[in-house]
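What's in coords-v9.csv: CSV, C-alpha atoms
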chain,number,residue,atom,x,y,z
A,1,VAL,CA,0.0,0.0,0.0
A,2,ARG,CA,1.3,3.4,-0.9
A,3,LEU,CA,-0.2,6.5,0.9
A,4,PHE,CA,0.1,10.1,0.0
A,5,ALA,CA,-1.1,13.0,2.2
A,6,PRO,CA,-3.7,15.4,0.7
A,7,GLU,CA,-1.1,18.1,0.1
A,8,ASN,CA,0.5,15.8,-2.5
A,9,SER,CA,-2.7,16.1,-4.7
A,10,VAL,CA,-1.0,18.6,-7.0
A,11,PHE,CA,2.0,16.3,-7.6
A,12,LEU,CA,-0.4,13.4,-8.3
A,13,TYR,CA,-2.2,15.3,-11.0
A,14,ARG,CA,-5.7,15.1,-9.4
A,15,HIS,CA,-8.5,15.5,-11.8
A,16,PRO,CA,-10.6,18.6,-11.0
A,17,PHE,CA,-14.0,17.8,-9.4
A,18,THR,CA,-13.0,14.2,-8.8
A,19,VAL,CA,-11.0,12.0,-6.4
A,20,SER,CA,-9.1,10.4,-9.2
A,21,THR,CA,-5.9,10.6,-11.1
A,22,ASN,CA,-4.5,8.9,-14.2
A,23,VAL,CA,-1.0,8.6,-12.7
A,24,ASP,CA,0.0,4.9,-12.4
A,25,ILE,CA,1.9,4.9,-9.1
A,26,GLY,CA,3.1,1.3,-9.8
A,27,ALA,CA,4.7,2.3,-13.1
A,28,PRO,CA,5.2,6.1,-12.9
A,29,ASP,CA,5.7,8.1,-16.2
A,30,PHE,CA,7.9,11.0,-15.1
A,31,VAL,CA,8.0,12.4,-18.6
A,32,ARG,CA,4.3,12.8,-18.9
A,33,TYR,CA,3.9,13.7,-15.1
A,34,PRO,CA,7.2,15.5,-14.2
A,35,HIS,CA,5.9,16.8,-10.8
A,36,LEU,CA,5.1,13.3,-9.7
A,37,SER,CA,8.7,13.0,-8.6
A,38,GLN,CA,8.0,15.6,-5.9
A,39,ALA,CA,5.2,13.5,-4.2
A,40,THR,CA,6.2,12.0,-0.9
A,41,GLY,CA,4.4,9.2,0.7
A,42,TYR,CA,4.4,6.1,2.8
A,43,GLU,CA,4.7,2.5,1.9
A,44,ALA,CA,3.6,-0.6,3.9
A,45,VAL,CA,3.4,-4.3,3.1
A,46,LEU,CA,0.4,-5.8,5.0
A,47,GLN,CA,0.5,-9.4,6.1
A,48,PRO,CA,-2.7,-11.6,6.3
A,49,GLY,CA,-5.0,-10.4,9.0
A,50,GLN,CA,-3.4,-6.9,9.4
A,51,THR,CA,-5.4,-3.7,9.1
A,52,LEU,CA,-4.3,-0.3,7.9
A,53,PHE,CA,-6.0,2.9,8.9
A,54,ILE,CA,-6.1,5.4,6.0
A,55,PRO,CA,-6.8,8.9,7.2
A,56,SER,CA,-9.4,11.0,5.5
A,57,GLN,CA,-8.5,12.5,2.1
A,58,TYR,CA,-5.3,10.5,1.8
A,59,TRP,CA,-4.5,9.1,-1.6
A,60,HIS,CA,-3.9,5.4,-1.7
A,61,TYR,CA,-2.5,2.9,-4.2
A,62,ILE,CA,-2.9,-0.8,-3.5
A,63,PHE,CA,-1.0,-3.5,-5.2
A,64,TYR,CA,-1.7,-7.1,-4.3
A,65,LEU,CA,1.5,-9.3,-4.2
A,66,GLU,CA,-0.7,-12.4,-4.1
A,67,GLY,CA,-4.5,-13.1,-4.3
A,68,GLY,CA,-6.6,-11.3,-1.7
A,69,PHE,CA,-9.2,-8.7,-1.2
A,70,GLY,CA,-9.7,-5.4,0.6
A,71,LEU,CA,-12.5,-4.0,2.6
A,72,SER,CA,-13.1,-0.3,3.1
A,73,LEU,CA,-15.2,1.0,6.0
A,74,ARG,CA,-16.2,4.6,6.4
A,75,ALA,CA,-17.5,6.4,9.5
A,76,MET,CA,-19.8,9.5,9.6
A,77,PRO,CA,-17.9,12.5,10.9
A,78,ASN,CA,-19.1,13.7,14.3
A,79,ASN,CA,-18.3,17.4,13.3
A,80,TYR,CA,-21.1,19.2,11.4
A,81,PHE,CA,-18.6,21.2,9.4
A,82,ARG,CA,-16.9,18.0,8.1
A,83,ARG,CA,-20.4,16.6,7.3
A,84,LEU,CA,-21.2,19.7,5.3
A,85,HIS,CA,-17.8,19.5,3.6
A,86,GLY,CA,-18.6,15.9,2.7
A,87,LEU,CA,-21.9,16.9,1.1
A,88,VAL,CA,-20.2,19.6,-1.0
A,89,ASN,CA,-17.7,16.9,-2.2
A,90,ILE,CA,-20.6,14.6,-3.1
A,91,PHE,CA,-22.3,17.4,-5.0
A,92,LYS,CA,-19.0,18.1,-6.9
A,93,LEU,CA,-18.4,14.4,-7.6
A,94,ILE,CA,-21.9,13.4,-8.7
A,95,TYR,CA,-23.7,16.4,-10.1
A,96,LEU,CA,-21.0,18.8,-11.3
A,97,ASP,CA,-18.6,16.3,-12.8
A,98,ARG,CA,-21.2,14.1,-14.3
A,99,GLY,CA,-23.3,17.0,-15.5
A,100,LEU,CA,-20.3,18.6,-17.3
A,101,ALA,CA,-19.5,15.3,-18.9
A,102,LYS,CA,-23.1,15.0,-20.2
A,103,LEU,CA,-23.0,18.7,-21.4
A,104,LEU,CA,-19.7,18.5,-23.1
A,105,THR,CA,-19.5,14.8,-23.9
A,106,PRO,CA,-17.4,12.5,-21.6
A,107,ALA,CA,-14.4,12.6,-23.9
A,108,ARG,CA,-14.3,16.4,-24.2
A,109,TRP,CA,-14.8,16.9,-20.4
A,110,TYR,CA,-12.0,14.3,-19.7
A,111,GLN,CA,-9.7,16.2,-22.1
A,112,ILE,CA,-10.4,19.5,-20.3
A,113,LYS,CA,-9.7,17.9,-16.9
A,114,GLU,CA,-6.4,16.5,-18.2
A,115,GLN,CA,-5.3,19.9,-19.4
A,116,MET,CA,-6.3,21.5,-16.1

Show me, as structure tokens, the structure contained in the file I just sent.
Amino acid sequence: VRLFAPENSVFLYRHPFTVSTNVDIGAPDFVRYPHLSQATGYEAVLQPGQTLFIPSQYWHYIFYLEGGFGLSLRAMPNNYFRRLHGLVNIFKLIYLDRGLAKLLTPARWYQIKEQM
């Protein structure tokens, strides 16, 4: 598992209005994504039965060395500001991103996000 703190988003080429990137952490292309070399993160190898806590908003890349599965559990924030922030993110992810893809065509919207 490789983890990157939220402040590394710019180095990971985060797509606007999403929580995704096209960077392949397992086979990085530093020519296409030169700032990727500035990203700093953590790496851990989990053994069977081990658990890893991934803090909120951390980027994660998971590579299985052998067959297995992962389970992700989320908890509702107890702070109302963080809940509101979560709702805004859901709005951006679902309505704004998907709406612009429908309006501009998915291929065109993707191209714009890559340029951004």

ask   = What lies within 12 Å of Gln47 (chain A) using all atoms listed in the file, ignoring chain neighbours under 5 positions off, as a list in words?
value =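 Everything that qualifies: Val1, Leu52, Tyr64, Leu65, Glu66 and Gly68 of chain A.
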
request  = Place a sphere of radius 12 Å on (-15.3, 9.4, 8.9) in the file coordinates and name every protein, DNA or RNA residue with an atom inside or on its surface, counting all atoms listed in the file; give the answer as a PyMOL selection string.
outcome  = chain A and resi 53-57+72-80+82-83+85-86

task = For Pro34 (chain A), work out the shell of residues within 10 Å, counting only C-alpha atoms and skipping chain neighbours fewer than 5 positions away, then give it as an MDAnalysis selection string.
result = chainID A and resid 11:13 28:29

query = Between A:Phe81, A:Phe4, A:Tyr58, A:Phe69, which is the closest to Glu43 (chain A) once you count all atoms listed in the file?
reply =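 The shortest atom-to-atom distance to Glu43 (chain A) comes from A:Phe4.
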
Can you build me a table of region 15-48 of chain A residues sitting at most 12 Å from region 102-110 of chain A, with the closest atom pair per residue and its distance in Å to one decimal, using all atoms listed in the file, sorted by chain and residue number, as a Markdown table?
| residue | atom | partner | partner_atom | distance |
| --- | --- | --- | --- | --- |
| A:His15 | CA | A:Tyr110 | CA | 8.7 |
| A:Pro16 | CA | A:Tyr110 | CA | 9.8 |
| A:Phe17 | CA | A:Tyr110 | CA | 11.1 |
| A:Thr18 | CA | A:Tyr110 | CA | 10.9 |
| A:Ser20 | CA | A:Tyr110 | CA | 11.6 |
| A:Thr21 | CA | A:Tyr110 | CA | 11.2 |
| A:Asn22 | CA | A:Tyr110 | CA | 10.8 |

key: Point-to-point distance from CA of Met116 (chain A) to CA of Val19 (chain A), Å rounded to tenths   =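 The value is 14.4 Å.
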
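Picture a line from CA of Ile62 (chain A) to CA of Arg2 (chain A); it runs 6.5 Å.
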
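If all atoms listed in the file are the atoms counted, then among A:Arg14, A:Thr51, A:Glu7, A:Gly70 the closest residue to Lys113 (chain A) is A:Arg14.
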
ask   = So which one's closest to Thr40 (chain A), A:Ile25, A:Leu84, A:Leu71, A:Ala101? Using only C-alpha atoms, please.
value =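 Of all the options, A:Ile25 lies closest to Thr40 (chain A).
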
task = Quick one: everything within 10 Å of Val10 (chain A), counting only C-alpha atoms, minus sequence neighbours fewer than 4 positions away in the same chain. Send it as a PyMOL selection string.
result = chain A and resi 6+14-15+35-36+38-39

Can you fill out region 90-105 of chain A with N, CA, C and O atoms and hand it back as a JSON list (two decimals), in the frame of the given file?
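Just written: rebuild23.json:
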[["chain", "number", "residue", "atom", "x", "y", "z"],
["A", 90, "ILE", "N", -19.65, 15.45, -2.38],
["A", 90, "ILE", "CA", -20.60, 14.60, -3.10],
["A", 90, "ILE", "C", -21.24, 15.32, -4.23],
["A", 90, "ILE", "O", -21.38, 14.81, -5.33],
["A", 91, "PHE", "N", -21.66, 16.56, -3.97],
["A", 91, "PHE", "CA", -22.30, 17.40, -5.00],
["A", 91, "PHE", "C", -21.29, 17.55, -6.18],
["A", 91, "PHE", "O", -21.66, 17.37, -7.35],
["A", 92, "LYS", "N", -20.03, 17.89, -5.87],
["A", 92, "LYS", "CA", -19.00, 18.10, -6.90],
["A", 92, "LYS", "C", -18.82, 16.79, -7.71],
["A", 92, "LYS", "O", -18.73, 16.80, -8.93],
["A", 93, "LEU", "N", -18.71, 15.70, -7.00],
["A", 93, "LEU", "CA", -18.40, 14.40, -7.60],
["A", 93, "LEU", "C", -19.56, 13.93, -8.51],
["A", 93, "LEU", "O", -19.35, 13.46, -9.62],
["A", 94, "ILE", "N", -20.75, 14.00, -7.98],
["A", 94, "ILE", "CA", -21.90, 13.40, -8.70],
["A", 94, "ILE", "C", -22.51, 14.37, -9.67],
["A", 94, "ILE", "O", -22.62, 14.07, -10.86],
["A", 95, "TYR", "N", -22.90, 15.52, -9.20],
["A", 95, "TYR", "CA", -23.70, 16.40, -10.10],
["A", 95, "TYR", "C", -22.84, 17.28, -10.97],
["A", 95, "TYR", "O", -23.09, 17.35, -12.17],
["A", 96, "LEU", "N", -21.83, 17.92, -10.44],
["A", 96, "LEU", "CA", -21.00, 18.80, -11.30],
["A", 96, "LEU", "C", -20.20, 18.07, -12.29],
["A", 96, "LEU", "O", -20.27, 18.35, -13.49],
["A", 97, "ASP", "N", -19.44, 17.08, -11.84],
["A", 97, "ASP", "CA", -18.60, 16.30, -12.80],
["A", 97, "ASP", "C", -19.39, 15.58, -13.81],
["A", 97, "ASP", "O", -19.12, 15.67, -15.00],
["A", 98, "ARG", "N", -20.38, 14.85, -13.38],
["A", 98, "ARG", "CA", -21.20, 14.10, -14.30],
["A", 98, "ARG", "C", -22.02, 15.00, -15.23],
["A", 98, "ARG", "O", -22.22, 14.71, -16.40],
["A", 99, "GLY", "N", -22.49, 16.10, -14.67],
["A", 99, "GLY", "CA", -23.30, 17.00, -15.50],
["A", 99, "GLY", "C", -22.44, 17.67, -16.58],
["A", 99, "GLY", "O", -22.90, 17.79, -17.72],
["A", 100, "LEU", "N", -21.22, 18.06, -16.25],
["A", 100, "LEU", "CA", -20.30, 18.60, -17.30],
["A", 100, "LEU", "C", -19.96, 17.59, -18.32],
["A", 100, "LEU", "O", -19.82, 17.91, -19.50],
["A", 101, "ALA", "N", -19.82, 16.34, -17.90],
["A", 101, "ALA", "CA", -19.50, 15.30, -18.90],
["A", 101, "ALA", "C", -20.68, 15.10, -19.84],
["A", 101, "ALA", "O", -20.46, 14.91, -21.04],
["A", 102, "LYS", "N", -21.90, 15.18, -19.35],
["A", 102, "LYS", "CA", -23.10, 15.00, -20.20],
["A", 102, "LYS", "C", -23.19, 16.26, -21.15],
["A", 102, "LYS", "O", -23.52, 16.13, -22.33],
["A", 103, "LEU", "N", -22.92, 17.43, -20.60],
["A", 103, "LEU", "CA", -23.00, 18.70, -21.40],
["A", 103, "LEU", "C", -22.00, 18.74, -22.48],
["A", 103, "LEU", "O", -22.30, 19.12, -23.62],
["A", 104, "LEU", "N", -20.77, 18.39, -22.18],
["A", 104, "LEU", "CA", -19.70, 18.50, -23.10],
["A", 104, "LEU", "C", -19.28, 17.27, -23.86],
["A", 104, "LEU", "O", -18.43, 17.33, -24.75],
["A", 105, "THR", "N", -19.84, 16.17, -23.51],
["A", 105, "THR", "CA", -19.50, 14.80, -23.90],
["A", 105, "THR", "C", -18.38, 14.31, -22.96],
["A", 105, "THR", "O", -17.48, 15.09, -22.62]]
